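Report on one structure; see the data block that follows.
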Amino acid sequence: MRTPFSRFGPFISATIVVLIAIFMFSIMSAIIKHLGDDYAPQQLSAFRNAFGLIPSFLVLLLSRDWHAAGRPLVISQWKLGLLRGGFVAVAQVCFYAALMRIEFATASTLAFAGPLFITALSVPLLRDHVGLWRWTAVAIGFVGILFIMQPGSEVFSLYSLLPLIAAFCYACSSITVRLMDNEVPSATLNIYATGGALIGSIAILFSTASFKPVASANDWFWLIGMGVFGGVAVLGLVSAYRLTKPSNLAPFEYFGIPFSFVIGWLAFGEAPFDRLLPGALLIVSGGLIIFWRERIARNSASVEA
């Protein structure tokens with residue numbers, strides 16, 4: 001898939017697109033925090049997924065795999081496909097609630113525990129072998145989480161558990177995609193995940209909160225902006241990860257941490273240096289070790305094949 005940066009080559013082009021996408025996700029999160037005083041996280045999640053269906057269908061229509069497979073919309077594992085969306089809905093509600101209750105950068109940093117959970121879950125769910133290096137990386141990452149959360153201290157808040165729940169649910173959604181049939185196009189899986197997230201977020205909204213009518217045209221502007229930034233970011237990630245190996249790009253997603261810090265400082269006057277260091281560095285270190293070991297494992301497998 002070509003991008004406006006394709007003339008720089010696949011890797012550089014993909015890297016630029018990933019960084020732009022991660023920045024857009026940070027902007028989306030800032031909009032959610034801005035709207036959090038007036039709307040429940042359940043309602044914001046429902047709006048996010050409703051708007052998210054538009055780019056999802058665009059991805060589907062532009063997918064060569066989907067057209068080559070005969071444009072299938074019904075899959076045999078539809079329940080699992082929707083379940084993945086249910087995990088996303090729970091993750092969104094938890095993360096959005098965290099954004100409203102704790103520092104912007106703190107919530108965003110804790111949510112980057114996803115690779116740690118994916119590594120740990122791959123053992124019972126996928127029967128993967130996780131060696132000493134990756135278990136060490138998981139331990140380093142969780143020590144970083146403890147540094148940030150500071151359990152037992154005066155700054156500890158139960159709300160800091162919400163980004164971890166979100167990261168766990170995002171990890172469940174990511175890892176269960178490997179249980180889907182390989183012949184199902186990724187664009188079709190994206191539609192089921194987004195549709196399941198919309199159904200899940202609406203169910204959570206009406207079972208735990210009440211729908212509040214949108215108060216003004218200005219709020220509609222922010223809600224649409226939230227959906228546009230999130231939707232374009234998803235499209236960017238899909239485009240980038242089709243240009244080069246995922247292991248080449250995954251470390252660049254950690255740029256979301258400095259992005260969130262700068263946005264939190266400029267937009268909300270937050271600068272939680274003491275809260276984030278050295279925990280953020282340990283979380284990033286753990287994640288990078290995991291990406292490094294997975295890249296080595298893939299290269300070894302390709303050589304043996």
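Residue numbers start at 1 in each chain; chains themselves are named A, B, ... in the order of the structure tokens; ligands are numbered from 1 in the order shown.
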
Exercise: Ile102 of chain A partners within 10 Å, only C-alpha atoms, chain neighbours under 4 positions left out, as a PDB file with N, CA, C and O atoms, in the first residue's frame:
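That gives us result_9.pdb:
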```
ATOM      1  N   LYS A  33     -10.133  12.996  27.210  1.00  0.00           N
ATOM      2  CA  LYS A  33      -9.957  13.589  28.537  1.00  0.00           C
ATOM      3  C   LYS A  33     -10.676  14.929  28.613  1.00  0.00           C
ATOM      4  O   LYS A  33     -11.290  15.253  29.641  1.00  0.00           O
ATOM      5  N   ALA A  97     -11.831   5.931  31.191  1.00  0.00           N
ATOM      6  CA  ALA A  97     -12.095   6.312  32.582  1.00  0.00           C
ATOM      7  C   ALA A  97     -10.800   6.705  33.287  1.00  0.00           C
ATOM      8  O   ALA A  97     -10.773   7.645  34.092  1.00  0.00           O
ATOM      9  N   ALA A  98      -9.706   5.993  32.972  1.00  0.00           N
ATOM     10  CA  ALA A  98      -8.417   6.325  33.577  1.00  0.00           C
ATOM     11  C   ALA A  98      -7.954   7.709  33.138  1.00  0.00           C
ATOM     12  O   ALA A  98      -7.410   8.481  33.942  1.00  0.00           O
ATOM     13  N   THR A 106       0.461   9.425  32.667  1.00  0.00           N
ATOM     14  CA  THR A 106       0.515   8.235  33.505  1.00  0.00           C
ATOM     15  C   THR A 106      -0.404   7.147  32.967  1.00  0.00           C
ATOM     16  O   THR A 106      -0.009   5.982  32.856  1.00  0.00           O
ATOM     17  N   ALA A 107      -1.627   7.516  32.623  1.00  0.00           N
ATOM     18  CA  ALA A 107      -2.569   6.540  32.066  1.00  0.00           C
ATOM     19  C   ALA A 107      -2.039   5.971  30.758  1.00  0.00           C
ATOM     20  O   ALA A 107      -2.102   4.751  30.518  1.00  0.00           O
ATOM     21  N   SER A 108      -1.495   6.826  29.903  1.00  0.00           N
ATOM     22  CA  SER A 108      -0.992   6.372  28.605  1.00  0.00           C
ATOM     23  C   SER A 108       0.195   5.437  28.774  1.00  0.00           C
ATOM     24  O   SER A 108       0.313   4.420  28.076  1.00  0.00           O
ATOM     25  N   SER A 157      -3.495   5.168  43.540  1.00  0.00           N
ATOM     26  CA  SER A 157      -4.935   5.273  43.304  1.00  0.00           C
ATOM     27  C   SER A 157      -5.415   4.014  42.612  1.00  0.00           C
ATOM     28  O   SER A 157      -4.735   3.471  41.728  1.00  0.00           O
ATOM     29  N   LEU A 158      -6.581   3.552  43.004  1.00  0.00           N
ATOM     30  CA  LEU A 158      -7.159   2.376  42.345  1.00  0.00           C
ATOM     31  C   LEU A 158      -7.433   2.652  40.866  1.00  0.00           C
ATOM     32  O   LEU A 158      -7.484   1.716  40.061  1.00  0.00           O
ATOM     33  N   TYR A 159      -7.574   3.934  40.520  1.00  0.00           N
ATOM     34  CA  TYR A 159      -7.803   4.268  39.107  1.00  0.00           C
ATOM     35  C   TYR A 159      -6.594   3.917  38.242  1.00  0.00           C
ATOM     36  O   TYR A 159      -6.736   3.745  37.025  1.00  0.00           O
ATOM     37  N   SER A 160      -5.406   3.811  38.858  1.00  0.00           N
ATOM     38  CA  SER A 160      -4.233   3.449  38.075  1.00  0.00           C
ATOM     39  C   SER A 160      -4.268   1.989  37.638  1.00  0.00           C
ATOM     40  O   SER A 160      -3.468   1.570  36.799  1.00  0.00           O
ATOM     41  N   LEU A 162      -6.898   0.824  36.102  1.00  0.00           N
ATOM     42  CA  LEU A 162      -7.719   0.800  34.897  1.00  0.00           C
ATOM     43  C   LEU A 162      -6.899   0.697  33.607  1.00  0.00           C
ATOM     44  O   LEU A 162      -7.270  -0.077  32.711  1.00  0.00           O
TER      45      LEU A 162
END
```

Those in segment 77-278 of chain A with alpha helix (DSSP H) from DSSP, as a ChimeraX atom specification: /A:78-101,104-110,114-126,132-149,161-176,186-208,217-241,246-249,256-268,273-276

Give me the residues near Leu116 of chain A as a PDB file with N, CA, C and O atoms, in the first residue's frame, where near means some atom within 7 Å (using only C-alpha atoms) and where sequence neighbours in that chain fewer than 4 positions away do not count.
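Output (around.pdb):
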```pdb
ATOM      1  N   ALA A 120       2.870 -13.034  28.297  1.00  0.00           N
ATOM      2  CA  ALA A 120       2.426 -13.931  29.367  1.00  0.00           C
ATOM      3  C   ALA A 120       1.239 -14.781  28.931  1.00  0.00           C
ATOM      4  O   ALA A 120       1.167 -15.979  29.252  1.00  0.00           O
ATOM      5  N   VAL A 138       9.343  -9.457  30.810  1.00  0.00           N
ATOM      6  CA  VAL A 138       8.045  -9.278  31.461  1.00  0.00           C
ATOM      7  C   VAL A 138       8.239  -8.812  32.910  1.00  0.00           C
ATOM      8  O   VAL A 138       7.558  -7.893  33.382  1.00  0.00           O
ATOM      9  N   GLY A 141       9.321  -5.181  32.985  1.00  0.00           N
ATOM     10  CA  GLY A 141       8.190  -4.310  32.689  1.00  0.00           C
ATOM     11  C   GLY A 141       7.256  -4.147  33.875  1.00  0.00           C
ATOM     12  O   GLY A 141       6.789  -3.035  34.175  1.00  0.00           O
ATOM     13  N   GLY A 287       9.470  -4.084  26.938  1.00  0.00           N
ATOM     14  CA  GLY A 287       8.829  -4.247  25.638  1.00  0.00           C
ATOM     15  C   GLY A 287       9.826  -4.420  24.513  1.00  0.00           C
ATOM     16  O   GLY A 287       9.652  -5.258  23.621  1.00  0.00           O
TER      17      GLY A 287
END
```

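For the pair atom CA of Gly286 of chain A and atom CA of Gly231 of chain A, the separation is 28.6 Å.
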
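When only C-alpha atoms are used to measure the gap to Phe261 of chain A, the shortest distance among A:Ala233, A:Thr136, A:Ala197, A:Ala30 belongs to A:Ala30.
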